[in-house]
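Notes follow the structure.
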Amino acid sequence: MPEPAAPGSTARRTRRAIGSGPGILLVLAYGTLALAATGRSVLQILEYFERAPLAYLLSALAAVVYIAATWALVTDRRRLAQVTITVEAVGVLAVGALSYLVPDLFPDKTVWSHFGSGYGFLPLVLPFVGLWWLARNRWERTGPEAR
Amino acid sequence: MLVPLTTIVVIASVVLAVVAGVYALRARLIDDLLLLVAALVEVLLLVLAVVAAVQAPSVRTPGEGATMAAYALTLPLVPPALAFLAIKEKTRWAMAVLLAGALVVAVMAYRVQQIWVVHA
């Protein structure tokens with residue numbers, strides 16, 4: 001039913017679900033990266049794992065993190081979203097820096113190497129948008145330390 | 001066959017994005033017409049998945065054939081996921097996610113075409 005669209009009206013009464021409203025775009029972004037990272041790491045591990053084992057294992061880790069973050073956003077699990085998005089932020093920064101400092105470790109691209117340049121730097125921007133969104137929504141908490 | 005097919009998919013998904021955009025501007029939620037357009041895109045993507053999987057072995061560069069097949073086989077998952085999100089969300093953001101998701105489909109289909117043209 002087309003509700004009289006009033007942005008924020010739901011937030012006043014109860015906390016809005018983290019995956020709804022504008023948050024639904026985060027669900028899409030994380031879902032897309034989950035698909036991309038999963039597809040890429042399955043291929044890498046099956047087709048040419050010997051070429052760059054470390055890079056490919058990190059690809060697989062990124063895939064797991066994106067899947068978990070997407071799941072957390074869809075099902076409104078704040079704690080899990082917080083943890084997975086933080087891991088993602090650390091991961092993209094660490095792997096991004098490492099790929100510039102020790103390029104020999106990354107003969108092939110992964111989602112996080114070079115700060116996600118292969119994906120329009122979306123992997124670099126996304127975790128910070130995600131953390132901002134979670135922090136912004138915390139203000140609307142009603143009970144103390146709900147999940 | 002893959003070039004015309006992927007072109008049709010790109011056009012169809014851009015149409016879906018435009019319709020979703022119009023719905024967003026008019027503050028309408030998902031309805032039968034919009035679902036029908038999404039279903040049409042889905043049918044095209046299923047055809048593309050089959051054709052691309054069959055053609056993948058004739059891609060000469062190692063790895064690229066598998067990448068193309070992976071894209072094409074993943075694509076049909078997107079419209080149902082979008083429909084699920086758009087039905088669940090009862091605000092204008094439902095149309096925003098559909099619009100953005102349709103563009104993701106267009107980009108992925110274009111990638112399939114690109115791999116085919118460059119490496120086959």
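Here's how to read the names in the structure tokens: chain A, B, ... by the order shown, residue numbers from 1 in each chain, ligand numbers from 1 in the order shown.
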
Please identify every residue of chain B that has at least one atom no more than 12 Å from any atom of chain A, counting only C-alpha atoms, and report them as number ranges by chain. B: 23-31, 62-79, 81-105, 107-108

Please dump the current selection as a short mmCIF file (atom, residue, chain, number, x, y, z; two decimals), in the first residue's frame; keep N, CA and C atoms.
```cif
data_model
loop_
_atom_site.label_atom_id
_atom_site.label_comp_id
_atom_site.auth_asym_id
_atom_site.auth_seq_id
_atom_site.Cartn_x
_atom_site.Cartn_y
_atom_site.Cartn_z
N TYR B 23 8.21 5.32 -11.61
CA TYR B 23 7.43 4.91 -10.44
C TYR B 23 7.91 5.67 -9.20
N ALA B 24 9.22 5.80 -9.07
CA ALA B 24 9.78 6.50 -7.89
C ALA B 24 9.30 7.95 -7.88
N LEU B 25 9.34 8.59 -9.04
CA LEU B 25 8.92 10.00 -9.11
C LEU B 25 7.44 10.15 -8.76
N ARG B 26 6.65 9.17 -9.15
CA ARG B 26 5.21 9.25 -8.88
C ARG B 26 4.86 8.62 -7.53
N ALA B 27 5.88 8.23 -6.76
CA ALA B 27 5.66 7.62 -5.45
C ALA B 27 4.75 6.41 -5.53
N ARG B 28 4.98 5.58 -6.55
CA ARG B 28 4.19 4.35 -6.66
C ARG B 28 5.05 3.18 -6.21
N LEU B 29 4.37 2.14 -5.73
CA LEU B 29 5.11 0.94 -5.32
C LEU B 29 5.03 -0.10 -6.43
N ILE B 30 5.74 -1.21 -6.22
CA ILE B 30 5.81 -2.24 -7.25
C ILE B 30 4.40 -2.80 -7.53
N ASP B 31 4.09 -2.97 -8.82
CA ASP B 31 2.79 -3.53 -9.19
C ASP B 31 2.97 -4.54 -10.32
N PRO B 62 42.62 -18.01 -21.79
CA PRO B 62 42.33 -18.84 -20.62
C PRO B 62 41.72 -18.02 -19.48
N GLY B 63 40.73 -18.58 -18.82
CA GLY B 63 40.12 -17.89 -17.70
C GLY B 63 38.97 -16.99 -18.08
N GLU B 64 39.05 -16.36 -19.25
CA GLU B 64 38.00 -15.41 -19.63
C GLU B 64 36.67 -16.11 -19.94
N GLY B 65 36.77 -17.31 -20.53
CA GLY B 65 35.55 -18.06 -20.81
C GLY B 65 34.80 -18.38 -19.54
N ALA B 66 35.56 -18.82 -18.51
CA ALA B 66 34.94 -19.14 -17.23
C ALA B 66 34.35 -17.89 -16.59
N THR B 67 35.07 -16.77 -16.72
CA THR B 67 34.57 -15.52 -16.15
C THR B 67 33.25 -15.13 -16.82
N MET B 68 33.22 -15.25 -18.15
CA MET B 68 32.00 -14.90 -18.88
C MET B 68 30.84 -15.79 -18.44
N ALA B 69 31.10 -17.09 -18.34
CA ALA B 69 30.06 -18.02 -17.91
C ALA B 69 29.59 -17.68 -16.50
N ALA B 70 30.56 -17.31 -15.63
CA ALA B 70 30.19 -16.97 -14.25
C ALA B 70 29.26 -15.76 -14.21
N TYR B 71 29.58 -14.75 -14.99
CA TYR B 71 28.71 -13.57 -15.08
C TYR B 71 27.32 -13.97 -15.55
N ALA B 72 27.28 -14.71 -16.65
CA ALA B 72 26.00 -15.05 -17.27
C ALA B 72 25.15 -15.95 -16.37
N LEU B 73 25.81 -16.85 -15.61
CA LEU B 73 25.05 -17.75 -14.75
C LEU B 73 24.60 -17.05 -13.47
N THR B 74 25.32 -15.99 -13.08
CA THR B 74 24.94 -15.25 -11.86
C THR B 74 23.80 -14.28 -12.14
N LEU B 75 23.78 -13.74 -13.36
CA LEU B 75 22.79 -12.71 -13.70
C LEU B 75 21.33 -13.07 -13.37
N PRO B 76 20.86 -14.28 -13.69
CA PRO B 76 19.45 -14.58 -13.42
C PRO B 76 19.08 -14.52 -11.94
N LEU B 77 20.09 -14.50 -11.04
CA LEU B 77 19.78 -14.41 -9.61
C LEU B 77 19.34 -13.00 -9.23
N VAL B 78 19.73 -12.02 -10.05
CA VAL B 78 19.55 -10.63 -9.63
C VAL B 78 18.08 -10.16 -9.62
N PRO B 79 17.33 -10.33 -10.73
CA PRO B 79 15.95 -9.82 -10.70
C PRO B 79 15.08 -10.38 -9.58
N ALA B 81 16.02 -11.35 -6.65
CA ALA B 81 16.47 -10.70 -5.41
C ALA B 81 15.96 -9.27 -5.35
N LEU B 82 16.00 -8.58 -6.49
CA LEU B 82 15.51 -7.20 -6.54
C LEU B 82 14.02 -7.14 -6.24
N ALA B 83 13.27 -8.07 -6.86
CA ALA B 83 11.83 -8.09 -6.65
C ALA B 83 11.52 -8.32 -5.17
N PHE B 84 12.27 -9.24 -4.55
CA PHE B 84 12.09 -9.52 -3.13
C PHE B 84 12.30 -8.26 -2.29
N LEU B 85 13.40 -7.55 -2.57
CA LEU B 85 13.69 -6.32 -1.81
C LEU B 85 12.63 -5.25 -2.07
N ALA B 86 12.23 -5.11 -3.35
CA ALA B 86 11.29 -4.05 -3.72
C ALA B 86 9.91 -4.31 -3.14
N ILE B 87 9.54 -5.58 -2.98
CA ILE B 87 8.23 -5.88 -2.41
C ILE B 87 8.26 -5.68 -0.89
N LYS B 88 9.40 -6.04 -0.28
CA LYS B 88 9.54 -5.92 1.18
C LYS B 88 9.54 -4.46 1.62
N GLU B 89 10.16 -3.60 0.82
CA GLU B 89 10.32 -2.20 1.21
C GLU B 89 9.08 -1.41 0.78
N LYS B 90 8.43 -0.75 1.74
CA LYS B 90 7.19 -0.06 1.42
C LYS B 90 7.35 1.45 1.31
N THR B 91 8.53 1.89 0.92
CA THR B 91 8.73 3.32 0.68
C THR B 91 9.27 3.51 -0.73
N ARG B 92 9.53 4.75 -1.06
CA ARG B 92 10.04 5.09 -2.37
C ARG B 92 11.40 4.43 -2.66
N TRP B 93 12.10 4.09 -1.58
CA TRP B 93 13.42 3.45 -1.75
C TRP B 93 13.32 2.12 -2.46
N ALA B 94 12.13 1.52 -2.45
CA ALA B 94 11.94 0.26 -3.17
C ALA B 94 12.25 0.47 -4.65
N MET B 95 11.80 1.59 -5.19
CA MET B 95 12.04 1.87 -6.60
C MET B 95 13.49 2.25 -6.84
N ALA B 96 14.11 2.88 -5.84
CA ALA B 96 15.53 3.23 -5.98
C ALA B 96 16.38 1.97 -6.11
N VAL B 97 16.05 0.96 -5.30
CA VAL B 97 16.85 -0.27 -5.35
C VAL B 97 16.63 -0.99 -6.67
N LEU B 98 15.40 -0.93 -7.18
CA LEU B 98 15.10 -1.57 -8.46
C LEU B 98 15.83 -0.87 -9.59
N LEU B 99 15.82 0.46 -9.54
CA LEU B 99 16.51 1.25 -10.56
C LEU B 99 18.01 0.92 -10.56
N ALA B 100 18.63 1.00 -9.39
CA ALA B 100 20.07 0.74 -9.30
C ALA B 100 20.39 -0.70 -9.68
N GLY B 101 19.55 -1.63 -9.23
CA GLY B 101 19.79 -3.04 -9.53
C GLY B 101 19.68 -3.33 -11.02
N ALA B 102 18.72 -2.68 -11.69
CA ALA B 102 18.57 -2.87 -13.14
C ALA B 102 19.82 -2.38 -13.86
N LEU B 103 20.41 -1.31 -13.35
CA LEU B 103 21.65 -0.80 -13.97
C LEU B 103 22.81 -1.78 -13.73
N VAL B 104 22.82 -2.41 -12.56
CA VAL B 104 23.84 -3.44 -12.31
C VAL B 104 23.71 -4.56 -13.35
N VAL B 105 22.47 -4.98 -13.62
CA VAL B 105 22.24 -6.02 -14.63
C VAL B 105 22.77 -5.56 -15.98
N VAL B 107 25.13 -3.39 -16.65
CA VAL B 107 26.59 -3.38 -16.65
C VAL B 107 27.15 -4.81 -16.77
N MET B 108 26.56 -5.74 -16.01
CA MET B 108 27.05 -7.13 -16.05
C MET B 108 26.84 -7.73 -17.44
#
```

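The nearest approach to Thr110 of chain A among the residues A:Asn137, A:Ser59, A:Thr38, A:Thr70, with only C-alpha atoms taken into account, belongs to A:Ser59.
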
Got a sec: who's within 10 Å of Ile115 of chain B, counting only C-alpha atoms, leaving out chain neighbours fewer than 2 positions off, as a list in words? Val59, Thr61, Glu64, Gly65, Thr67, Met68, Tyr110, Arg111, Val112, Gln113, Val117, Val118, His119 and Ala120 of chain B

Could you tell me which of A:Val92, A:Ala68, A:Leu101, A:Ala52 comes closest to Val125 of chain A if we count only C-alpha atoms? A:Val92

In chain B, what's alpha helix (DSSP H) per DSSP? Answer as a CSV table (one decimal) with N, CA and C atoms, in the first residue's frame?
```csv
chain,number,residue,atom,x,y,z
B,2,LEU,N,25.7,-13.9,-29.3
B,2,LEU,CA,25.8,-13.3,-28.0
B,2,LEU,C,25.7,-11.8,-28.0
B,3,VAL,N,26.2,-11.2,-29.1
B,3,VAL,CA,26.2,-9.8,-29.2
B,3,VAL,C,24.8,-9.2,-29.3
B,4,PRO,N,24.0,-9.7,-30.2
B,4,PRO,CA,22.6,-9.1,-30.2
B,4,PRO,C,21.9,-9.4,-28.9
B,5,LEU,N,22.1,-10.6,-28.4
B,5,LEU,CA,21.4,-11.0,-27.2
B,5,LEU,C,21.7,-10.1,-26.0
B,6,THR,N,23.0,-9.9,-25.8
B,6,THR,CA,23.4,-9.0,-24.7
B,6,THR,C,23.0,-7.6,-24.9
B,7,THR,N,22.9,-7.2,-26.2
B,7,THR,CA,22.4,-5.8,-26.5
B,7,THR,C,21.0,-5.7,-26.1
B,8,ILE,N,20.2,-6.8,-26.4
B,8,ILE,CA,18.8,-6.8,-26.0
B,8,ILE,C,18.6,-6.7,-24.5
B,9,VAL,N,19.5,-7.5,-23.8
B,9,VAL,CA,19.4,-7.5,-22.3
B,9,VAL,C,19.7,-6.2,-21.8
B,10,VAL,N,20.7,-5.5,-22.3
B,10,VAL,CA,21.1,-4.2,-21.8
B,10,VAL,C,19.9,-3.2,-22.0
B,11,ILE,N,19.3,-3.3,-23.2
B,11,ILE,CA,18.1,-2.4,-23.5
B,11,ILE,C,17.0,-2.7,-22.5
B,12,ALA,N,16.7,-4.0,-22.4
B,12,ALA,CA,15.6,-4.3,-21.5
B,12,ALA,C,15.8,-3.9,-20.1
B,13,SER,N,17.0,-4.0,-19.6
B,13,SER,CA,17.3,-3.7,-18.2
B,13,SER,C,17.3,-2.2,-18.0
B,14,VAL,N,17.7,-1.4,-19.0
B,14,VAL,CA,17.6,0.0,-18.9
B,14,VAL,C,16.1,0.5,-18.9
B,15,VAL,N,15.3,-0.2,-19.7
B,15,VAL,CA,13.9,0.1,-19.7
B,15,VAL,C,13.3,-0.2,-18.3
B,16,LEU,N,13.7,-1.3,-17.7
B,16,LEU,CA,13.3,-1.6,-16.3
B,16,LEU,C,13.7,-0.4,-15.4
B,17,ALA,N,15.0,0.0,-15.5
B,17,ALA,CA,15.5,1.1,-14.7
B,17,ALA,C,14.6,2.4,-14.9
B,18,VAL,N,14.3,2.7,-16.1
B,18,VAL,CA,13.5,3.9,-16.4
B,18,VAL,C,12.1,3.8,-15.8
B,19,VAL,N,11.5,2.6,-16.0
B,19,VAL,CA,10.1,2.4,-15.5
B,19,VAL,C,10.2,2.6,-14.0
B,20,ALA,N,11.2,2.0,-13.3
B,20,ALA,CA,11.3,2.1,-11.9
B,20,ALA,C,11.5,3.6,-11.5
B,21,GLY,N,12.3,4.3,-12.3
B,21,GLY,CA,12.5,5.7,-12.0
B,21,GLY,C,11.2,6.5,-12.1
B,22,VAL,N,10.4,6.2,-13.1
B,22,VAL,CA,9.1,6.9,-13.2
B,22,VAL,C,8.2,6.6,-12.0
B,23,TYR,N,8.2,5.3,-11.6
B,23,TYR,CA,7.4,4.9,-10.4
B,23,TYR,C,7.9,5.7,-9.2
B,24,ALA,N,9.2,5.8,-9.1
B,24,ALA,CA,9.8,6.5,-7.9
B,24,ALA,C,9.3,7.9,-7.9
B,25,LEU,N,9.3,8.6,-9.0
B,25,LEU,CA,8.9,10.0,-9.1
B,25,LEU,C,7.4,10.2,-8.8
B,32,ASP,N,1.9,-5.0,-10.9
B,32,ASP,CA,1.9,-6.1,-11.9
B,32,ASP,C,2.8,-5.7,-13.1
B,33,LEU,N,2.5,-4.4,-13.6
B,33,LEU,CA,3.3,-4.0,-14.8
B,33,LEU,C,4.8,-4.0,-14.6
B,34,LEU,N,5.2,-3.5,-13.4
B,34,LEU,CA,6.6,-3.5,-13.1
B,34,LEU,C,7.2,-4.9,-13.0
B,35,LEU,N,6.4,-5.7,-12.3
B,35,LEU,CA,6.8,-7.1,-12.1
B,35,LEU,C,7.0,-7.8,-13.5
B,36,LEU,N,6.0,-7.5,-14.4
B,36,LEU,CA,6.1,-8.0,-15.7
B,36,LEU,C,7.3,-7.7,-16.5
B,37,VAL,N,7.7,-6.4,-16.4
B,37,VAL,CA,8.9,-5.9,-17.1
B,37,VAL,C,10.1,-6.7,-16.4
B,38,ALA,N,10.1,-6.8,-15.1
B,38,ALA,CA,11.2,-7.5,-14.4
B,38,ALA,C,11.3,-9.0,-14.9
B,39,ALA,N,10.1,-9.6,-15.0
B,39,ALA,CA,10.0,-11.0,-15.4
B,39,ALA,C,10.5,-11.1,-16.9
B,40,LEU,N,10.3,-10.2,-17.7
B,40,LEU,CA,10.8,-10.2,-19.1
B,40,LEU,C,12.3,-10.2,-19.1
B,41,VAL,N,12.9,-9.3,-18.3
B,41,VAL,CA,14.3,-9.2,-18.1
B,41,VAL,C,14.9,-10.6,-17.6
B,42,GLU,N,14.2,-11.2,-16.7
B,42,GLU,CA,14.6,-12.5,-16.1
B,42,GLU,C,14.6,-13.5,-17.2
B,43,VAL,N,13.6,-13.6,-18.1
B,43,VAL,CA,13.5,-14.6,-19.1
B,43,VAL,C,14.7,-14.4,-20.1
B,44,LEU,N,15.0,-13.1,-20.4
B,44,LEU,CA,16.1,-12.9,-21.3
B,44,LEU,C,17.4,-13.3,-20.7
B,45,LEU,N,17.5,-13.1,-19.3
B,45,LEU,CA,18.8,-13.5,-18.6
B,45,LEU,C,18.9,-15.0,-18.6
B,46,LEU,N,17.8,-15.7,-18.5
B,46,LEU,CA,17.9,-17.2,-18.5
B,46,LEU,C,18.4,-17.7,-19.8
B,47,VAL,N,17.9,-17.0,-20.9
B,47,VAL,CA,18.3,-17.4,-22.3
B,47,VAL,C,19.8,-17.1,-22.4
B,48,LEU,N,20.2,-15.9,-21.9
B,48,LEU,CA,21.6,-15.5,-22.0
B,48,LEU,C,22.5,-16.5,-21.2
B,49,ALA,N,22.0,-16.9,-20.0
B,49,ALA,CA,22.8,-17.9,-19.2
B,49,ALA,C,23.1,-19.1,-20.0
B,50,VAL,N,22.1,-19.7,-20.7
B,50,VAL,CA,22.2,-20.9,-21.4
B,50,VAL,C,23.2,-20.7,-22.6
B,51,VAL,N,22.9,-19.6,-23.4
B,51,VAL,CA,23.8,-19.4,-24.6
B,51,VAL,C,25.2,-19.1,-24.2
B,52,ALA,N,25.4,-18.3,-23.2
B,52,ALA,CA,26.8,-18.0,-22.8
B,52,ALA,C,27.5,-19.2,-22.2
B,53,ALA,N,26.8,-20.1,-21.5
B,53,ALA,CA,27.5,-21.3,-20.9
B,53,ALA,C,27.9,-22.2,-22.1
B,54,VAL,N,27.0,-22.3,-23.1
B,54,VAL,CA,27.3,-23.1,-24.3
B,54,VAL,C,28.5,-22.5,-25.1
B,55,GLN,N,28.5,-21.2,-25.2
B,55,GLN,CA,29.6,-20.6,-26.0
B,55,GLN,C,30.9,-20.4,-25.3
B,64,GLU,N,39.0,-16.4,-19.2
B,64,GLU,CA,38.0,-15.4,-19.6
B,64,GLU,C,36.7,-16.1,-19.9
B,65,GLY,N,36.8,-17.3,-20.5
B,65,GLY,CA,35.6,-18.1,-20.8
B,65,GLY,C,34.8,-18.4,-19.5
B,66,ALA,N,35.6,-18.8,-18.5
B,66,ALA,CA,34.9,-19.1,-17.2
B,66,ALA,C,34.4,-17.9,-16.6
B,67,THR,N,35.1,-16.8,-16.7
B,67,THR,CA,34.6,-15.5,-16.1
B,67,THR,C,33.3,-15.1,-16.8
B,68,MET,N,33.2,-15.3,-18.2
B,68,MET,CA,32.0,-14.9,-18.9
B,68,MET,C,30.8,-15.8,-18.4
B,69,ALA,N,31.1,-17.1,-18.3
B,69,ALA,CA,30.1,-18.0,-17.9
B,69,ALA,C,29.6,-17.7,-16.5
B,70,ALA,N,30.6,-17.3,-15.6
B,70,ALA,CA,30.2,-17.0,-14.3
B,70,ALA,C,29.3,-15.8,-14.2
B,71,TYR,N,29.6,-14.7,-15.0
B,71,TYR,CA,28.7,-13.6,-15.1
B,71,TYR,C,27.3,-14.0,-15.5
B,72,ALA,N,27.3,-14.7,-16.6
B,72,ALA,CA,26.0,-15.0,-17.3
B,72,ALA,C,25.2,-15.9,-16.4
B,73,LEU,N,25.8,-16.9,-15.6
B,73,LEU,CA,25.1,-17.7,-14.7
B,73,LEU,C,24.6,-17.0,-13.5
B,74,THR,N,25.3,-16.0,-13.1
B,74,THR,CA,24.9,-15.3,-11.9
B,74,THR,C,23.8,-14.3,-12.1
B,78,VAL,N,19.7,-12.0,-10.0
B,78,VAL,CA,19.6,-10.6,-9.6
B,78,VAL,C,18.1,-10.2,-9.6
B,79,PRO,N,17.3,-10.3,-10.7
B,79,PRO,CA,16.0,-9.8,-10.7
B,79,PRO,C,15.1,-10.4,-9.6
B,80,PRO,N,15.1,-11.7,-9.3
B,80,PRO,CA,14.3,-12.2,-8.2
B,80,PRO,C,14.7,-11.5,-6.9
B,81,ALA,N,16.0,-11.4,-6.7
B,81,ALA,CA,16.5,-10.7,-5.4
B,81,ALA,C,16.0,-9.3,-5.3
B,82,LEU,N,16.0,-8.6,-6.5
B,82,LEU,CA,15.5,-7.2,-6.5
B,82,LEU,C,14.0,-7.1,-6.2
B,83,ALA,N,13.3,-8.1,-6.9
B,83,ALA,CA,11.8,-8.1,-6.6
B,83,ALA,C,11.5,-8.3,-5.2
B,84,PHE,N,12.3,-9.2,-4.6
B,84,PHE,CA,12.1,-9.5,-3.1
B,84,PHE,C,12.3,-8.3,-2.3
B,85,LEU,N,13.4,-7.5,-2.6
B,85,LEU,CA,13.7,-6.3,-1.8
B,85,LEU,C,12.6,-5.3,-2.1
B,86,ALA,N,12.2,-5.1,-3.3
B,86,ALA,CA,11.3,-4.0,-3.7
B,86,ALA,C,9.9,-4.3,-3.1
B,87,ILE,N,9.5,-5.6,-3.0
B,87,ILE,CA,8.2,-5.9,-2.4
B,87,ILE,C,8.3,-5.7,-0.9
B,88,LYS,N,9.4,-6.0,-0.3
B,88,LYS,CA,9.5,-5.9,1.2
B,88,LYS,C,9.5,-4.5,1.6
B,93,TRP,N,12.1,4.1,-1.6
B,93,TRP,CA,13.4,3.5,-1.7
B,93,TRP,C,13.3,2.1,-2.5
B,94,ALA,N,12.1,1.5,-2.4
B,94,ALA,CA,11.9,0.3,-3.2
B,94,ALA,C,12.3,0.5,-4.7
B,95,MET,N,11.8,1.6,-5.2
B,95,MET,CA,12.0,1.9,-6.6
B,95,MET,C,13.5,2.3,-6.8
B,96,ALA,N,14.1,2.9,-5.8
B,96,ALA,CA,15.5,3.2,-6.0
B,96,ALA,C,16.4,2.0,-6.1
B,97,VAL,N,16.1,1.0,-5.3
B,97,VAL,CA,16.9,-0.3,-5.3
B,97,VAL,C,16.6,-1.0,-6.7
B,98,LEU,N,15.4,-0.9,-7.2
B,98,LEU,CA,15.1,-1.6,-8.5
B,98,LEU,C,15.8,-0.9,-9.6
B,99,LEU,N,15.8,0.5,-9.5
B,99,LEU,CA,16.5,1.3,-10.6
B,99,LEU,C,18.0,0.9,-10.6
B,100,ALA,N,18.6,1.0,-9.4
B,100,ALA,CA,20.1,0.7,-9.3
B,100,ALA,C,20.4,-0.7,-9.7
B,101,GLY,N,19.5,-1.6,-9.2
B,101,GLY,CA,19.8,-3.0,-9.5
B,101,GLY,C,19.7,-3.3,-11.0
B,102,ALA,N,18.7,-2.7,-11.7
B,102,ALA,CA,18.6,-2.9,-13.1
B,102,ALA,C,19.8,-2.4,-13.9
B,103,LEU,N,20.4,-1.3,-13.4
B,103,LEU,CA,21.6,-0.8,-14.0
B,103,LEU,C,22.8,-1.8,-13.7
B,104,VAL,N,22.8,-2.4,-12.6
B,104,VAL,CA,23.8,-3.4,-12.3
B,104,VAL,C,23.7,-4.6,-13.3
B,105,VAL,N,22.5,-5.0,-13.6
B,105,VAL,CA,22.2,-6.0,-14.6
B,105,VAL,C,22.8,-5.6,-16.0
B,106,ALA,N,22.5,-4.3,-16.3
B,106,ALA,CA,22.9,-3.8,-17.6
B,106,ALA,C,24.5,-3.8,-17.7
B,107,VAL,N,25.1,-3.4,-16.7
B,107,VAL,CA,26.6,-3.4,-16.6
B,107,VAL,C,27.2,-4.8,-16.8
B,108,MET,N,26.6,-5.7,-16.0
B,108,MET,CA,27.1,-7.1,-16.1
B,108,MET,C,26.8,-7.7,-17.4
B,109,ALA,N,25.7,-7.5,-18.1
B,109,ALA,CA,25.4,-8.0,-19.4
B,109,ALA,C,26.4,-7.4,-20.4
B,110,TYR,N,26.7,-6.1,-20.2
B,110,TYR,CA,27.7,-5.5,-21.1
B,110,TYR,C,29.1,-6.1,-20.9
B,111,ARG,N,29.4,-6.4,-19.7
B,111,ARG,CA,30.7,-7.1,-19.4
B,111,ARG,C,30.8,-8.5,-20.2
B,112,VAL,N,29.6,-9.2,-20.2
B,112,VAL,CA,29.6,-10.5,-20.9
B,112,VAL,C,29.9,-10.2,-22.4
B,113,GLN,N,29.3,-9.2,-23.0
B,113,GLN,CA,29.5,-8.8,-24.4
B,113,GLN,C,30.9,-8.5,-24.6
B,114,GLN,N,31.5,-7.7,-23.7
B,114,GLN,CA,32.8,-7.2,-23.9
B,114,GLN,C,33.8,-8.4,-23.9
B,115,ILE,N,33.7,-9.3,-22.9
B,115,ILE,CA,34.5,-10.5,-22.9
B,115,ILE,C,34.4,-11.2,-24.2
B,116,TRP,N,33.2,-11.4,-24.7
B,116,TRP,CA,33.0,-12.2,-25.9
B,116,TRP,C,33.6,-11.5,-27.1
B,117,VAL,N,33.4,-10.2,-27.2
B,117,VAL,CA,34.0,-9.5,-28.4
B,117,VAL,C,35.5,-9.5,-28.4
B,118,VAL,N,36.1,-9.3,-27.2
B,118,VAL,CA,37.5,-9.1,-27.1
B,118,VAL,C,38.2,-10.5,-27.2
B,119,HIS,N,37.7,-11.5,-26.6
B,119,HIS,CA,38.5,-12.7,-26.4
B,119,HIS,C,38.0,-13.9,-27.2
```

Might you pull out every residue within 9 Å of segment 126-133 of chain A, with only C-alpha atoms counted and same-chain residues fewer than 3 positions away left off, and present them as number ranges by chain? A: 18, 23, 26, 29-30, 81-82, 85-89, 92, 121-123, 136-138

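Here atom CA of Val64 of chain A stands at a distance of 12.7 Å from atom CA of Leu80 of chain A.
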
Quick one: of A:Ala94, A:Arg79, A:Tyr119, A:Leu73, who's nearest to Ala17 of chain A, counting only C-alpha atoms? A:Leu73

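For the pair atom CA of Ala37 of chain A and atom CA of Leu93 of chain A, the interatomic distance is 16.6 Å.
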
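If you look at atom CA of Ser113 of chain A and atom CA of Ser99 of chain A, they are 5.5 Å away from each other.
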